[in-house]
Amino acid sequence: MKVLTSITFVLLSMFANAQLLSGSLIDEGRKMTSNSSFVIEDSHEGAAVFELAVDREGKVTSAKLISDGTTVVSTPARIKARSHVMGYTFTPGTHFPQFQHVRVKVTLVAPKPVIQSNQQ
């Protein structure tokens with residue numbers, strides 16, 4: 001039982017930073033087709049929540065910042081996150097509505113410092 005609980009905790013913690021929160025896109029079962037991450041390296045740490053509009057071709061046509069859940073206050077960091085989510089793609093299909101919406105949470109983390117060795 002402890003092993004199952006530990007495995008579940010590890011799997012859930014891996015997805016804590018990356019999430020599609022809610023929306024008609026999820027309700028219809030559309031999947032994300034881009035290999036983009038939900039984690040962005042930036043000097044400002046926090047989270048940004050966006051509501052995306054996705055067309056029938058699976059392309060993101062707009063991204064609106066949602067203040068509820070957004071902790072990043074830096075405007076350049078918000079613009080970087082918006083540019084990142086605009087590159088997402090989803091399953092295309094003519095049987096989907098013209099536009100569907102989904103809420104996405106993107107986590108901004110500080111870049112890891114580069115450790116240089118003093119080997120000669």
# chains A, B, ... in the order shown; residues from 1 in each chain; ligands from 1
>>> select_by_dssp(residues="stretch 17-102 of chain A", states="alpha helix (DSSP H)", output="PDB file with N, CA, C and O atoms, in the first residue's frame")
ATOM      1  N   SER A  24     -14.224  23.688 -22.646  1.00  0.00           N
ATOM      2  CA  SER A  24     -14.954  22.836 -23.586  1.00  0.00           C
ATOM      3  C   SER A  24     -14.011  21.969 -24.405  1.00  0.00           C
ATOM      4  O   SER A  24     -14.388  20.886 -24.849  1.00  0.00           O
ATOM      5  N   LEU A  25     -12.795  22.404 -24.597  1.00  0.00           N
ATOM      6  CA  LEU A  25     -11.810  21.625 -25.343  1.00  0.00           C
ATOM      7  C   LEU A  25     -11.523  20.308 -24.625  1.00  0.00           C
ATOM      8  O   LEU A  25     -11.463  19.253 -25.244  1.00  0.00           O
ATOM      9  N   ILE A  26     -11.400  20.358 -23.325  1.00  0.00           N
ATOM     10  CA  ILE A  26     -11.155  19.147 -22.530  1.00  0.00           C
ATOM     11  C   ILE A  26     -12.401  18.280 -22.508  1.00  0.00           C
ATOM     12  O   ILE A  26     -12.328  17.054 -22.623  1.00  0.00           O
ATOM     13  N   ASP A  27     -13.579  18.913 -22.391  1.00  0.00           N
ATOM     14  CA  ASP A  27     -14.833  18.165 -22.361  1.00  0.00           C
ATOM     15  C   ASP A  27     -15.046  17.364 -23.648  1.00  0.00           C
ATOM     16  O   ASP A  27     -15.607  16.279 -23.621  1.00  0.00           O
ATOM     17  N   THR A  75       5.403  42.222 -16.287  1.00  0.00           N
ATOM     18  CA  THR A  75       4.799  42.294 -17.621  1.00  0.00           C
ATOM     19  C   THR A  75       5.634  41.554 -18.669  1.00  0.00           C
ATOM     20  O   THR A  75       5.071  40.799 -19.471  1.00  0.00           O
ATOM     21  N   PRO A  76       6.956  41.702 -18.701  1.00  0.00           N
ATOM     22  CA  PRO A  76       7.737  40.933 -19.677  1.00  0.00           C
ATOM     23  C   PRO A  76       7.590  39.417 -19.496  1.00  0.00           C
ATOM     24  O   PRO A  76       7.542  38.675 -20.471  1.00  0.00           O
ATOM     25  N   ALA A  77       7.490  38.962 -18.247  1.00  0.00           N
ATOM     26  CA  ALA A  77       7.313  37.531 -17.993  1.00  0.00           C
ATOM     27  C   ALA A  77       5.938  37.069 -18.475  1.00  0.00           C
ATOM     28  O   ALA A  77       5.798  35.979 -19.046  1.00  0.00           O
ATOM     29  N   ARG A  78       4.916  37.893 -18.287  1.00  0.00           N
ATOM     30  CA  ARG A  78       3.575  37.553 -18.772  1.00  0.00           C
ATOM     31  C   ARG A  78       3.544  37.490 -20.298  1.00  0.00           C
ATOM     32  O   ARG A  78       2.908  36.612 -20.877  1.00  0.00           O
ATOM     33  N   ILE A  79       4.240  38.420 -20.947  1.00  0.00           N
ATOM     34  CA  ILE A  79       4.297  38.419 -22.419  1.00  0.00           C
ATOM     35  C   ILE A  79       5.031  37.174 -22.920  1.00  0.00           C
ATOM     36  O   ILE A  79       4.610  36.552 -23.895  1.00  0.00           O
ATOM     37  N   LYS A  80       6.109  36.810 -22.238  1.00  0.00           N
ATOM     38  CA  LYS A  80       6.854  35.604 -22.611  1.00  0.00           C
ATOM     39  C   LYS A  80       5.966  34.367 -22.473  1.00  0.00           C
ATOM     40  O   LYS A  80       5.957  33.489 -23.346  1.00  0.00           O
ATOM     41  N   ALA A  81       5.212  34.294 -21.392  1.00  0.00           N
ATOM     42  CA  ALA A  81       4.309  33.152 -21.183  1.00  0.00           C
ATOM     43  C   ALA A  81       3.210  33.127 -22.232  1.00  0.00           C
ATOM     44  O   ALA A  81       2.866  32.065 -22.756  1.00  0.00           O
ATOM     45  N   ARG A  82       2.654  34.305 -22.591  1.00  0.00           N
ATOM     46  CA  ARG A  82       1.609  34.363 -23.615  1.00  0.00           C
ATOM     47  C   ARG A  82       2.150  33.915 -24.965  1.00  0.00           C
ATOM     48  O   ARG A  82       1.499  33.151 -25.685  1.00  0.00           O
ATOM     49  N   SER A  83       3.336  34.361 -25.310  1.00  0.00           N
ATOM     50  CA  SER A  83       3.954  33.937 -26.575  1.00  0.00           C
ATOM     51  C   SER A  83       4.156  32.421 -26.601  1.00  0.00           C
ATOM     52  O   SER A  83       3.983  31.775 -27.630  1.00  0.00           O
ATOM     53  N   HIS A  84       4.513  31.876 -25.454  1.00  0.00           N
ATOM     54  CA  HIS A  84       4.731  30.423 -25.354  1.00  0.00           C
ATOM     55  C   HIS A  84       3.437  29.650 -25.597  1.00  0.00           C
ATOM     56  O   HIS A  84       3.418  28.697 -26.381  1.00  0.00           O
ATOM     57  N   VAL A  85       2.338  30.056 -24.949  1.00  0.00           N
ATOM     58  CA  VAL A  85       1.088  29.304 -25.091  1.00  0.00           C
ATOM     59  C   VAL A  85       0.457  29.490 -26.475  1.00  0.00           C
ATOM     60  O   VAL A  85      -0.308  28.639 -26.916  1.00  0.00           O
TER      61      VAL A  85
END
>>> residues_around(residues="stretch 48-65 of chain A", least_positions_apart="5", cutoff="9 Å", atoms="only C-alpha atoms", output="VMD selection string")
chain A and resid 21 23 25 30 32 to 33 70 to 72 78 81 to 83 85 to 108
>>> atom_distance(atom1="atom CA of A:Ile115", atom2="atom CA of A:Phe38")
25.3 Å
>>> select_by_dssp(residues="stretch 2-93 of chain A", states="strand (DSSP E)", output="list in words")
Gln19, Leu20, Leu21, Ser22, Val39, Ile40, Glu41, Gly46, Ala47, Ala48, Val49, Phe50, Glu51, Leu52, Ala53, Val54, Asp55, Val60, Thr61, Ser62, Ala63, Lys64, Leu65 and Ile66 of chain A
>>> atom_distance(atom1="atom CA of A:Val39", atom2="atom CA of A:Val109")
7.1 Å
>>> decode(residues="chain A", atoms="C-alpha atoms", output="JSON list (two decimals), in the first residue's frame")
[["chain", "number", "residue", "atom", "x", "y", "z"],
["A", 1, "MET", "CA", 0.00, 0.00, 0.00],
["A", 2, "LYS", "CA", 2.86, 2.37, 0.82],
["A", 3, "VAL", "CA", 4.47, 1.69, -2.55],
["A", 4, "LEU", "CA", 1.24, 2.47, -4.41],
["A", 5, "THR", "CA", 0.81, 5.68, -2.44],
["A", 6, "SER", "CA", 4.41, 6.69, -3.12],
["A", 7, "ILE", "CA", 4.11, 6.02, -6.85],
["A", 8, "THR", "CA", 0.86, 7.99, -7.03],
["A", 9, "PHE", "CA", 2.42, 10.92, -5.19],
["A", 10, "VAL", "CA", 5.45, 10.96, -7.52],
["A", 11, "LEU", "CA", 3.27, 10.85, -10.64],
["A", 12, "LEU", "CA", 1.00, 13.61, -9.40],
["A", 13, "SER", "CA", 3.92, 15.82, -8.42],
["A", 14, "MET", "CA", 5.35, 15.49, -11.94],
["A", 15, "PHE", "CA", 2.15, 16.98, -13.36],
["A", 16, "ALA", "CA", 1.69, 19.68, -10.71],
["A", 17, "ASN", "CA", 3.44, 22.30, -12.85],
["A", 18, "ALA", "CA", 1.80, 21.33, -16.12],
["A", 19, "GLN", "CA", -1.89, 21.42, -16.57],
["A", 20, "LEU", "CA", -4.88, 21.99, -18.74],
["A", 21, "LEU", "CA", -7.34, 23.21, -16.14],
["A", 22, "SER", "CA", -10.82, 23.27, -17.69],
["A", 23, "GLY", "CA", -12.87, 24.14, -20.72],
["A", 24, "SER", "CA", -14.95, 22.84, -23.59],
["A", 25, "LEU", "CA", -11.81, 21.63, -25.34],
["A", 26, "ILE", "CA", -11.15, 19.15, -22.53],
["A", 27, "ASP", "CA", -14.83, 18.16, -22.36],
["A", 28, "GLU", "CA", -14.73, 17.22, -26.07],
["A", 29, "GLY", "CA", -11.61, 15.11, -25.53],
["A", 30, "ARG", "CA", -9.23, 17.09, -27.74],
["A", 31, "LYS", "CA", -5.62, 16.30, -27.03],
["A", 32, "MET", "CA", -2.59, 18.55, -27.15],
["A", 33, "THR", "CA", -0.45, 17.67, -30.19],
["A", 34, "SER", "CA", 2.50, 20.01, -29.63],
["A", 35, "ASN", "CA", 5.41, 18.85, -27.52],
["A", 36, "SER", "CA", 5.57, 22.18, -25.73],
["A", 37, "SER", "CA", 6.15, 22.26, -22.03],
["A", 38, "PHE", "CA", 4.01, 23.96, -19.42],
["A", 39, "VAL", "CA", 7.17, 25.14, -17.64],
["A", 40, "ILE", "CA", 9.13, 28.20, -18.80],
["A", 41, "GLU", "CA", 12.49, 29.36, -17.53],
["A", 42, "ASP", "CA", 12.42, 33.02, -16.52],
["A", 43, "SER", "CA", 14.01, 35.20, -13.86],
["A", 44, "HIS", "CA", 10.53, 35.81, -12.39],
["A", 45, "GLU", "CA", 9.03, 32.76, -10.71],
["A", 46, "GLY", "CA", 5.33, 32.08, -10.42],
["A", 47, "ALA", "CA", 2.35, 30.89, -12.41],
["A", 48, "ALA", "CA", 0.27, 32.36, -15.23],
["A", 49, "VAL", "CA", -3.22, 31.18, -16.13],
["A", 50, "PHE", "CA", -4.53, 31.79, -19.65],
["A", 51, "GLU", "CA", -7.81, 31.11, -21.40],
["A", 52, "LEU", "CA", -7.01, 29.93, -24.91],
["A", 53, "ALA", "CA", -9.30, 29.95, -27.93],
["A", 54, "VAL", "CA", -8.56, 27.06, -30.31],
["A", 55, "ASP", "CA", -9.91, 26.86, -33.87],
["A", 56, "ARG", "CA", -10.88, 23.75, -35.85],
["A", 57, "GLU", "CA", -7.36, 23.41, -37.21],
["A", 58, "GLY", "CA", -6.08, 23.00, -33.65],
["A", 59, "LYS", "CA", -4.23, 26.33, -33.57],
["A", 60, "VAL", "CA", -4.44, 28.77, -30.67],
["A", 61, "THR", "CA", -6.00, 31.98, -31.99],
["A", 62, "SER", "CA", -6.02, 34.03, -28.78],
["A", 63, "ALA", "CA", -4.79, 33.89, -25.22],
["A", 64, "LYS", "CA", -6.36, 35.94, -22.43],
["A", 65, "LEU", "CA", -4.57, 36.26, -19.10],
["A", 66, "ILE", "CA", -6.80, 35.24, -16.17],
["A", 67, "SER", "CA", -5.89, 37.11, -12.99],
["A", 68, "ASP", "CA", -7.37, 34.39, -10.75],
["A", 69, "GLY", "CA", -4.49, 31.98, -10.22],
["A", 70, "THR", "CA", -1.82, 34.17, -11.84],
["A", 71, "THR", "CA", 1.01, 35.03, -9.47],
["A", 72, "VAL", "CA", 3.50, 36.57, -11.92],
["A", 73, "VAL", "CA", 3.40, 40.37, -11.80],
["A", 74, "SER", "CA", 6.20, 41.09, -14.30],
["A", 75, "THR", "CA", 4.80, 42.29, -17.62],
["A", 76, "PRO", "CA", 7.74, 40.93, -19.68],
["A", 77, "ALA", "CA", 7.31, 37.53, -17.99],
["A", 78, "ARG", "CA", 3.57, 37.55, -18.77],
["A", 79, "ILE", "CA", 4.30, 38.42, -22.42],
["A", 80, "LYS", "CA", 6.85, 35.60, -22.61],
["A", 81, "ALA", "CA", 4.31, 33.15, -21.18],
["A", 82, "ARG", "CA", 1.61, 34.36, -23.61],
["A", 83, "SER", "CA", 3.95, 33.94, -26.57],
["A", 84, "HIS", "CA", 4.73, 30.42, -25.35],
["A", 85, "VAL", "CA", 1.09, 29.30, -25.09],
["A", 86, "MET", "CA", 0.25, 30.79, -28.50],
["A", 87, "GLY", "CA", 2.48, 28.06, -29.96],
["A", 88, "TYR", "CA", 0.40, 25.19, -28.56],
["A", 89, "THR", "CA", -1.49, 23.00, -31.00],
["A", 90, "PHE", "CA", -4.37, 20.59, -30.44],
["A", 91, "THR", "CA", -6.13, 17.83, -32.34],
["A", 92, "PRO", "CA", -7.62, 19.24, -35.57],
["A", 93, "GLY", "CA", -11.05, 18.27, -36.84],
["A", 94, "THR", "CA", -13.99, 19.72, -38.74],
["A", 95, "HIS", "CA", -16.45, 18.05, -36.36],
["A", 96, "PHE", "CA", -15.33, 20.37, -33.54],
["A", 97, "PRO", "CA", -16.99, 23.78, -32.98],
["A", 98, "GLN", "CA", -15.43, 26.76, -34.73],
["A", 99, "PHE", "CA", -13.74, 27.83, -31.50],
["A", 100, "GLN", "CA", -13.23, 25.99, -28.23],
["A", 101, "HIS", "CA", -11.78, 27.32, -25.02],
["A", 102, "VAL", "CA", -9.44, 25.88, -22.43],
["A", 103, "ARG", "CA", -7.74, 27.26, -19.33],
["A", 104, "VAL", "CA", -4.03, 26.54, -19.10],
["A", 105, "LYS", "CA", -1.63, 27.06, -16.22],
["A", 106, "VAL", "CA", 2.01, 27.77, -17.09],
["A", 107, "THR", "CA", 4.68, 27.75, -14.41],
["A", 108, "LEU", "CA", 7.69, 30.07, -14.62],
["A", 109, "VAL", "CA", 10.83, 28.84, -12.87],
["A", 110, "ALA", "CA", 14.28, 30.34, -12.39],
["A", 111, "PRO", "CA", 16.95, 28.90, -14.68],
["A", 112, "LYS", "CA", 19.34, 26.46, -13.05],
["A", 113, "PRO", "CA", 22.80, 27.92, -12.46],
["A", 114, "VAL", "CA", 25.57, 26.61, -14.71],
["A", 115, "ILE", "CA", 28.35, 24.97, -12.73],
["A", 116, "GLN", "CA", 31.74, 25.31, -14.36],
["A", 117, "SER", "CA", 34.59, 23.00, -13.46],
["A", 118, "ASN", "CA", 38.14, 24.24, -13.01],
["A", 119, "GLN", "CA", 39.81, 21.48, -14.98],
["A", 120, "GLN", "CA", 42.89, 22.36, -16.98]]
